[in-house]
file input11.pdb (PDB, C-alpha atoms)
ATOM      1  CA  MET Z 156       0.000   0.000   0.000  1.00  0.00           C
ATOM      2  CA  ILE Z 157       1.523   3.321  -1.071  1.00  0.00           C
ATOM      3  CA  GLN Z 158      -0.239   5.393   1.633  1.00  0.00           C
ATOM      4  CA  ARG Z 159       2.051   4.249   4.430  1.00  0.00           C
ATOM      5  CA  ILE Z 160       3.966   6.614   6.707  1.00  0.00           C
ATOM      6  CA  GLN Z 161       7.301   5.627   5.148  1.00  0.00           C
ATOM      7  CA  SER Z 162       6.070   6.753   1.741  1.00  0.00           C
ATOM      8  CA  LEU Z 163       5.228  10.130   3.228  1.00  0.00           C
ATOM      9  CA  LEU Z 164       8.656  10.333   4.899  1.00  0.00           C
ATOM     10  CA  LEU Z 165      10.393   9.437   1.641  1.00  0.00           C
ATOM     11  CA  LEU Z 166       8.387  12.124  -0.140  1.00  0.00           C
ATOM     12  CA  LEU Z 167       9.400  14.670   2.514  1.00  0.00           C
ATOM     13  CA  ALA Z 168      13.044  13.631   2.091  1.00  0.00           C
ATOM     14  CA  MET Z 169      12.761  14.138  -1.660  1.00  0.00           C
ATOM     15  CA  ILE Z 170      11.173  17.580  -1.223  1.00  0.00           C
ATOM     16  CA  SER Z 171      13.818  18.683   1.268  1.00  0.00           C
ATOM     17  CA  LEU Z 172      16.577  17.601  -1.130  1.00  0.00           C
ATOM     18  CA  ILE Z 173      15.026  19.540  -3.997  1.00  0.00           C
ATOM     19  CA  ILE Z 174      14.782  22.623  -1.764  1.00  0.00           C
ATOM     20  CA  GLY Z 175      18.416  22.109  -0.769  1.00  0.00           C
ATOM     21  CA  THR Z 176      19.421  21.982  -4.415  1.00  0.00           C
ATOM     22  CA  LEU Z 177      17.753  25.307  -5.172  1.00  0.00           C
ATOM     23  CA  MET Z 178      18.908  27.257  -2.095  1.00  0.00           C
ATOM     24  CA  PRO Z 179      22.440  28.510  -1.381  1.00  0.00           C
ATOM     25  CA  ILE Z 180      24.512  26.583   1.130  1.00  0.00           C
ATOM     26  CA  ALA Z 181      26.599  29.401   2.617  1.00  0.00           C
ATOM     27  CA  THR Z 182      28.021  32.859   2.231  1.00  0.00           C
ATOM     28  CA  ILE Z 183      31.791  33.190   2.308  1.00  0.00           C
ATOM     29  CA  THR Z 184      33.286  36.552   3.246  1.00  0.00           C
ATOM     30  CA  ASN Z 185      36.868  37.739   3.094  1.00  0.00           C
ATOM     31  CA  TYR Z 186      38.204  41.289   3.352  1.00  0.00           C
ATOM     32  CA  ASP Z 187      37.679  41.938  -0.392  1.00  0.00           C
ATOM     33  CA  ALA Z 188      34.313  40.484  -1.317  1.00  0.00           C
ATOM     34  CA  GLN Z 189      31.438  38.227  -0.456  1.00  0.00           C
ATOM     35  CA  TYR Z 190      30.928  34.921  -2.254  1.00  0.00           C
ATOM     36  CA  LEU Z 191      27.864  32.701  -2.585  1.00  0.00           C
ATOM     37  CA  TYR Z 192      28.397  28.967  -2.141  1.00  0.00           C
ATOM     38  CA  SER Z 193      25.548  26.963  -3.670  1.00  0.00           C
ATOM     39  CA  SER Z 194      25.076  23.373  -4.771  1.00  0.00           C
ATOM     40  CA  TRP Z 195      26.336  24.209  -8.226  1.00  0.00           C
ATOM     41  CA  VAL Z 196      28.872  27.074  -8.076  1.00  0.00           C
ATOM     42  CA  LEU Z 197      30.957  29.358  -5.923  1.00  0.00           C
ATOM     43  CA  LYS Z 198      30.477  32.882  -7.265  1.00  0.00           C
ATOM     44  CA  LEU Z 199      30.629  36.526  -6.309  1.00  0.00           C
ATOM     45  CA  ASN Z 200      27.526  37.562  -4.388  1.00  0.00           C
ATOM     46  CA  ILE Z 201      26.462  40.294  -6.792  1.00  0.00           C
ATOM     47  CA  PRO Z 202      23.959  40.073  -9.643  1.00  0.00           C
ATOM     48  CA  GLY Z 203      25.777  38.516 -12.573  1.00  0.00           C
ATOM     49  CA  GLY Z 204      28.865  37.818 -10.423  1.00  0.00           C
ATOM     50  CA  ASN Z 205      31.822  35.910 -11.786  1.00  0.00           C
ATOM     51  CA  ILE Z 206      31.841  32.165 -11.202  1.00  0.00           C
ATOM     52  CA  ILE Z 207      34.943  31.308  -9.196  1.00  0.00           C
ATOM     53  CA  MET Z 208      34.527  27.550  -9.134  1.00  0.00           C
ATOM     54  CA  THR Z 209      31.978  24.951 -10.186  1.00  0.00           C
ATOM     55  CA  ASN Z 210      31.088  22.348  -7.587  1.00  0.00           C
ATOM     56  CA  TYR Z 211      28.330  20.516  -9.366  1.00  0.00           C
ATOM     57  CA  TYR Z 212      29.055  17.244  -7.526  1.00  0.00           C
ATOM     58  CA  ILE Z 213      26.937  18.460  -4.626  1.00  0.00           C
ATOM     59  CA  GLY Z 214      23.985  19.327  -6.858  1.00  0.00           C
ATOM     60  CA  VAL Z 215      24.248  16.053  -8.763  1.00  0.00           C
ATOM     61  CA  LEU Z 216      24.350  14.072  -5.512  1.00  0.00           C
ATOM     62  CA  GLN Z 217      21.265  15.889  -4.242  1.00  0.00           C
ATOM     63  CA  ILE Z 218      19.361  15.116  -7.435  1.00  0.00           C
ATOM     64  CA  VAL Z 219      20.512  11.465  -7.399  1.00  0.00           C
ATOM     65  CA  LEU Z 220      19.408  11.168  -3.789  1.00  0.00           C
ATOM     66  CA  ALA Z 221      16.009  12.693  -4.604  1.00  0.00           C
ATOM     67  CA  VAL Z 222      15.598  10.123  -7.408  1.00  0.00           C
ATOM     68  CA  VAL Z 223      16.606   7.326  -5.011  1.00  0.00           C
ATOM     69  CA  CYS Z 224      13.878   8.514  -2.617  1.00  0.00           C
ATOM     70  CA  LEU Z 225      11.338   8.551  -5.446  1.00  0.00           C
ATOM     71  CA  ILE Z 226      12.332   5.058  -6.581  1.00  0.00           C
ATOM     72  CA  SER Z 227      12.153   3.794  -3.018  1.00  0.00           C
ATOM     73  CA  ILE Z 228       8.551   4.961  -2.703  1.00  0.00           C
ATOM     74  CA  PHE Z 229       7.492   2.606  -5.503  1.00  0.00           C
ATOM     75  CA  PHE Z 230       9.125  -0.457  -3.904  1.00  0.00           C
ATOM     76  CA  TYR Z 231       6.263  -0.592  -1.383  1.00  0.00           C
ATOM     77  CA  LYS Z 232       5.391  -4.186  -2.303  1.00  0.00           C
ATOM     78  CA  ASN Z 233       8.934  -5.397  -1.680  1.00  0.00           C
ATOM     79  CA  ARG Z 234       9.891  -4.102   1.766  1.00  0.00           C
ATOM     80  CA  PRO Z 235      13.381  -5.687   2.016  1.00  0.00           C
ATOM     81  CA  THR Z 236      14.376  -4.039  -1.269  1.00  0.00           C
ATOM     82  CA  GLN Z 237      12.831  -0.760  -0.136  1.00  0.00           C
ATOM     83  CA  SER Z 238      14.883  -0.947   3.060  1.00  0.00           C
ATOM     84  CA  LYS Z 239      18.083  -1.586   1.082  1.00  0.00           C
ATOM     85  CA  VAL Z 240      17.363   1.385  -1.177  1.00  0.00           C
ATOM     86  CA  CYS Z 241      16.785   3.543   1.925  1.00  0.00           C
ATOM     87  CA  ILE Z 242      20.096   2.411   3.415  1.00  0.00           C
ATOM     88  CA  ALA Z 243      21.824   3.276   0.128  1.00  0.00           C
ATOM     89  CA  GLY Z 244      20.126   6.688   0.315  1.00  0.00           C
ATOM     90  CA  ILE Z 245      21.391   7.193   3.860  1.00  0.00           C
ATOM     91  CA  ILE Z 246      24.953   6.399   2.749  1.00  0.00           C
ATOM     92  CA  ILE Z 247      24.667   8.787  -0.210  1.00  0.00           C
ATOM     93  CA  ASN Z 248      23.307  11.458   2.140  1.00  0.00           C
ATOM     94  CA  PHE Z 249      26.297  11.035   4.473  1.00  0.00           C
ATOM     95  CA  ILE Z 250      28.626  11.479   1.493  1.00  0.00           C
ATOM     96  CA  LEU Z 251      26.637  14.557   0.451  1.00  0.00           C
ATOM     97  CA  LEU Z 252      26.904  16.122   3.896  1.00  0.00           C
ATOM     98  CA  LEU Z 253      30.609  15.311   4.054  1.00  0.00           C
ATOM     99  CA  LEU Z 254      31.183  17.019   0.698  1.00  0.00           C
ATOM    100  CA  MET Z 255      28.934  19.975   1.435  1.00  0.00           C
ATOM    101  CA  LEU Z 256      29.969  20.802   4.988  1.00  0.00           C
ATOM    102  CA  TYR Z 257      33.536  19.552   5.311  1.00  0.00           C
ATOM    103  CA  ILE Z 258      35.459  18.759   2.137  1.00  0.00           C
ATOM    104  CA  TYR Z 259      34.598  21.797   0.030  1.00  0.00           C
ATOM    105  CA  PRO Z 260      34.817  24.491   2.749  1.00  0.00           C
ATOM    106  CA  ASP Z 261      37.824  23.078   4.619  1.00  0.00           C
ATOM    107  CA  ARG Z 262      39.866  21.344   1.918  1.00  0.00           C
ATOM    108  CA  ILE Z 263      39.046  22.713  -1.528  1.00  0.00           C
ATOM    109  CA  PHE Z 264      38.208  26.398  -0.962  1.00  0.00           C
ATOM    110  CA  PRO Z 265      41.509  27.198   0.814  1.00  0.00           C
ATOM    111  CA  GLU Z 266      43.352  25.937  -2.280  1.00  0.00           C
ATOM    112  CA  ILE Z 267      41.706  28.538  -4.558  1.00  0.00           C
ATOM    113  CA  ASP Z 268      43.912  31.543  -5.309  1.00  0.00           C
ATOM    114  CA  ILE Z 269      41.359  33.997  -3.921  1.00  0.00           C
ATOM    115  CA  PHE Z 270      41.356  32.400  -0.474  1.00  0.00           C
ATOM    116  CA  LYS Z 271      44.948  31.148  -0.421  1.00  0.00           C
ATOM    117  CA  TYR Z 272      46.552  33.884   1.685  1.00  0.00           C
ATOM    118  CA  GLU Z 273      43.472  35.376   3.304  1.00  0.00           C
ATOM    119  CA  LYS Z 274      41.291  34.529   6.228  1.00  0.00           C
ATOM    120  CA  PHE Z 275      37.688  33.914   5.242  1.00  0.00           C
ATOM    121  CA  ASP Z 276      34.487  33.381   7.204  1.00  0.00           C
ATOM    122  CA  ILE Z 277      31.742  30.943   6.250  1.00  0.00           C
ATOM    123  CA  VAL Z 278      28.169  31.634   7.343  1.00  0.00           C
ATOM    124  CA  TYR Z 279      25.880  28.717   6.593  1.00  0.00           C
ATOM    125  CA  ASN Z 280      22.378  29.388   5.322  1.00  0.00           C
ATOM    126  CA  PRO Z 281      19.497  27.967   7.397  1.00  0.00           C
ATOM    127  CA  TRP Z 282      18.284  26.165   4.244  1.00  0.00           C
ATOM    128  CA  CYS Z 283      21.391  23.995   4.513  1.00  0.00           C
ATOM    129  CA  ILE Z 284      19.533  22.107   7.247  1.00  0.00           C
ATOM    130  CA  SER Z 285      17.232  20.638   4.591  1.00  0.00           C
ATOM    131  CA  SER Z 286      19.952  18.140   3.643  1.00  0.00           C
ATOM    132  CA  ILE Z 287      20.264  17.091   7.273  1.00  0.00           C
ATOM    133  CA  LEU Z 288      16.473  16.769   7.484  1.00  0.00           C
ATOM    134  CA  SER Z 289      16.486  14.452   4.489  1.00  0.00           C
ATOM    135  CA  LEU Z 290      18.878  12.181   6.376  1.00  0.00           C
ATOM    136  CA  ALA Z 291      16.495  12.093   9.337  1.00  0.00           C
ATOM    137  CA  PHE Z 292      13.519  11.406   7.047  1.00  0.00           C
ATOM    138  CA  LEU Z 293      15.373   8.543   5.345  1.00  0.00           C
ATOM    139  CA  TYR Z 294      16.325   7.036   8.709  1.00  0.00           C
ATOM    140  CA  LEU Z 295      12.747   7.217   9.998  1.00  0.00           C
ATOM    141  CA  ALA Z 296      11.374   5.787   6.750  1.00  0.00           C
ATOM    142  CA  ASN Z 297      13.761   2.842   7.017  1.00  0.00           C
ATOM    143  CA  LYS Z 298      12.717   2.324  10.635  1.00  0.00           C
ATOM    144  CA  PHE Z 299       9.027   2.179   9.650  1.00  0.00           C
ATOM    145  CA  ILE Z 300       9.787  -0.141   6.712  1.00  0.00           C
ATOM    146  CA  LEU Z 301      11.540  -2.587   9.036  1.00  0.00           C
ATOM    147  CA  LYS Z 302       8.665  -2.304  11.516  1.00  0.00           C
ATOM    148  CA  ASP Z 303       6.146  -3.206   8.779  1.00  0.00           C
ATOM    149  CA  GLU Z 304       8.306  -6.116   7.649  1.00  0.00           C
ATOM    150  CA  LYS Z 305       8.414  -7.427  11.216  1.00  0.00           C
ATOM    151  CA  LYS Z 306       4.612  -7.218  11.465  1.00  0.00           C
ATOM    152  CA  VAL Z 307       4.199  -9.159   8.206  1.00  0.00           C
ATOM    153  CA  ARG Z 308       6.640 -11.861   9.301  1.00  0.00           C
ATOM    154  CA  ASP Z 309       4.950 -12.227  12.679  1.00  0.00           C
ATOM    155  CA  ALA Z 310       1.552 -12.513  10.977  1.00  0.00           C
ATOM    156  CA  ASP Z 311       2.892 -15.176   8.583  1.00  0.00           C
ATOM    157  CA  ARG Z 312       4.338 -17.124  11.479  1.00  0.00           C
ATOM    158  CA  LEU Z 313       0.956 -17.243  13.249  1.00  0.00           C
ATOM    159  CA  ARG Z 314      -0.833 -18.838  10.285  1.00  0.00           C
TER     160      ARG Z 314
END
call {"tool": "encode", "arguments": {"input": "input11.pdb", "output": "structure tokens"}}
result
Amino acid sequence: MIQRIQSLLLLLAMISLIIGTLMPIATITNYDAQYLYSSWVLKLNIPGGNIIMTNYYIGVLQIVLAVVCLISIFFYKNRPTQSKVCIAGIIINFILLLLMLYIYPDRIFPEIDIFKYEKFDIVYNPWCISSILSLAFLYLANKFILKDEKKVRDADRLR
């Protein structure tokens, strides 16, 4: 049945990932300028600002994870497979968060010529939490899937 709570949680995870793809992740400020760090590019925070660096891996991972959530919704008849797809989504979401919050700001941005010899501050956007919410939604969906599977197995055992 597609109207289960895990289907709703997977849909919420997909929506939060799409919102995370469209919203900026952070604003980076140094003494010269302000830069906008989004899922796709790092650019100057002015209309029509120059693109400093493309980081499309984050955006692609968010879209792939949203598709994984959508695919997982339609595995409602096969709960073990749906659980495996959710676990794969959780792993992809951990990789996404690692890229978005640690690797790019701490490892890759300091190597760019603009930030090489300067101190810069990163202020994360509140919309960045949507990627963390998707992780929570995927975890809860997997928990409810396993709970349903346990109920079905217990019912089969009683027959």
call {"tool": "atom_distance", "arguments": {"input": "input11.pdb", "atom1": "CA of Phe229 in chain Z", "atom2": "CA of Leu252 in chain Z"}}
result
25.5 Å
call {"tool": "resolve_selection", "arguments": {"input": "input11.pdb", "expression": "the PyMOL selection byres ((chain Z and resi 214) around 10)", "output": "list in words"}}
result
Leu172, Ile173, Gly175, Thr176, Leu177, Ser193, Ser194, Trp195, Val196, Asn210, Tyr211, Tyr212, Ile213, Val215, Leu216, Gln217, Ile218, Val219, Leu220, Leu251 and Met255 of chain Z
call {"tool": "residues_around", "arguments": {"input": "input11.pdb", "residues": "Val278 in chain Z", "least_positions_apart": "6", "cutoff": "8 Å", "atoms": "only C-alpha atoms", "output": "list of chain:residue names"}}
result
Z:Ala181, Z:Thr182, Z:Ile183
call {"tool": "closest_residue", "arguments": {"input": "input11.pdb", "among": "Z:Gln237, Z:Asn297, Z:Ser171, Z:Asn200", "to": "Asn185 in chain Z", "atoms": "all atoms listed in the file"}}
result
Z:Asn200
call {"tool": "closest_residue", "arguments": {"input": "input11.pdb", "among": "Z:Tyr231, Z:Tyr272, Z:Tyr294, Z:Tyr192", "to": "Ala243 in chain Z", "atoms": "only C-alpha atoms"}}
result
Z:Tyr294
call {"tool": "resolve_selection", "arguments": {"input": "input11.pdb", "expression": "the PyMOL selection byres ((chain Z and resi 166-168) around 8)", "output": "JSON, numbers by chain"}}
result
{"Z": [162, 163, 164, 165, 169, 170, 171, 172, 221, 224, 225, 228, 288, 289, 290, 292, 293]}
call {"tool": "axis_aligned_box", "arguments": {"input": "input11.pdb", "around": "range 269-276 of chain Z", "padding_each_side": "4 Å", "output": "AutoDock Vina command-line options"}}
result
--center_x 40.5 --center_y 33.3 --center_z 1.6 --size_x 20.1 --size_y 12.2 --size_z 19.1
call {"tool": "residues_around", "arguments": {"input": "input11.pdb", "residues": "Lys302 in chain Z", "least_positions_apart": "5", "cutoff": "12 Å", "atoms": "all atoms listed in the file", "output": "MDAnalysis selection string"}}
result
chainID Z and resid 159:161 234:235 238 295:297 307:309
call {"tool": "resolve_selection", "arguments": {"input": "input11.pdb", "expression": "the PyMOL selection byres ((chain Z and resi 273) around 12)", "output": "PyMOL selection string"}}
result
chain Z and resi 183-188+264-272+274-276
call {"tool": "atom_distance", "arguments": {"input": "input11.pdb", "atom1": "CA of Ile206 in chain Z", "atom2": "CA of Ile277 in chain Z"}}
result
17.5 Å
call {"tool": "atom_distance", "arguments": {"input": "input11.pdb", "atom1": "CA of Val223 in chain Z", "atom2": "CA of Cys283 in chain Z"}}
result
19.8 Å
call {"tool": "closest_residue", "arguments": {"input": "input11.pdb", "among": "Z:Ile201, Z:Ile247, Z:Ile284, Z:Met208", "to": "Val222 in chain Z", "atoms": "all atoms listed in the file"}}
result
Z:Ile247
call {"tool": "closest_residue", "arguments": {"input": "input11.pdb", "among": "Z:Ile287, Z:Leu199, Z:Ile207, Z:Ile300", "to": "Leu253 in chain Z", "atoms": "only C-alpha atoms"}}
result
Z:Ile287
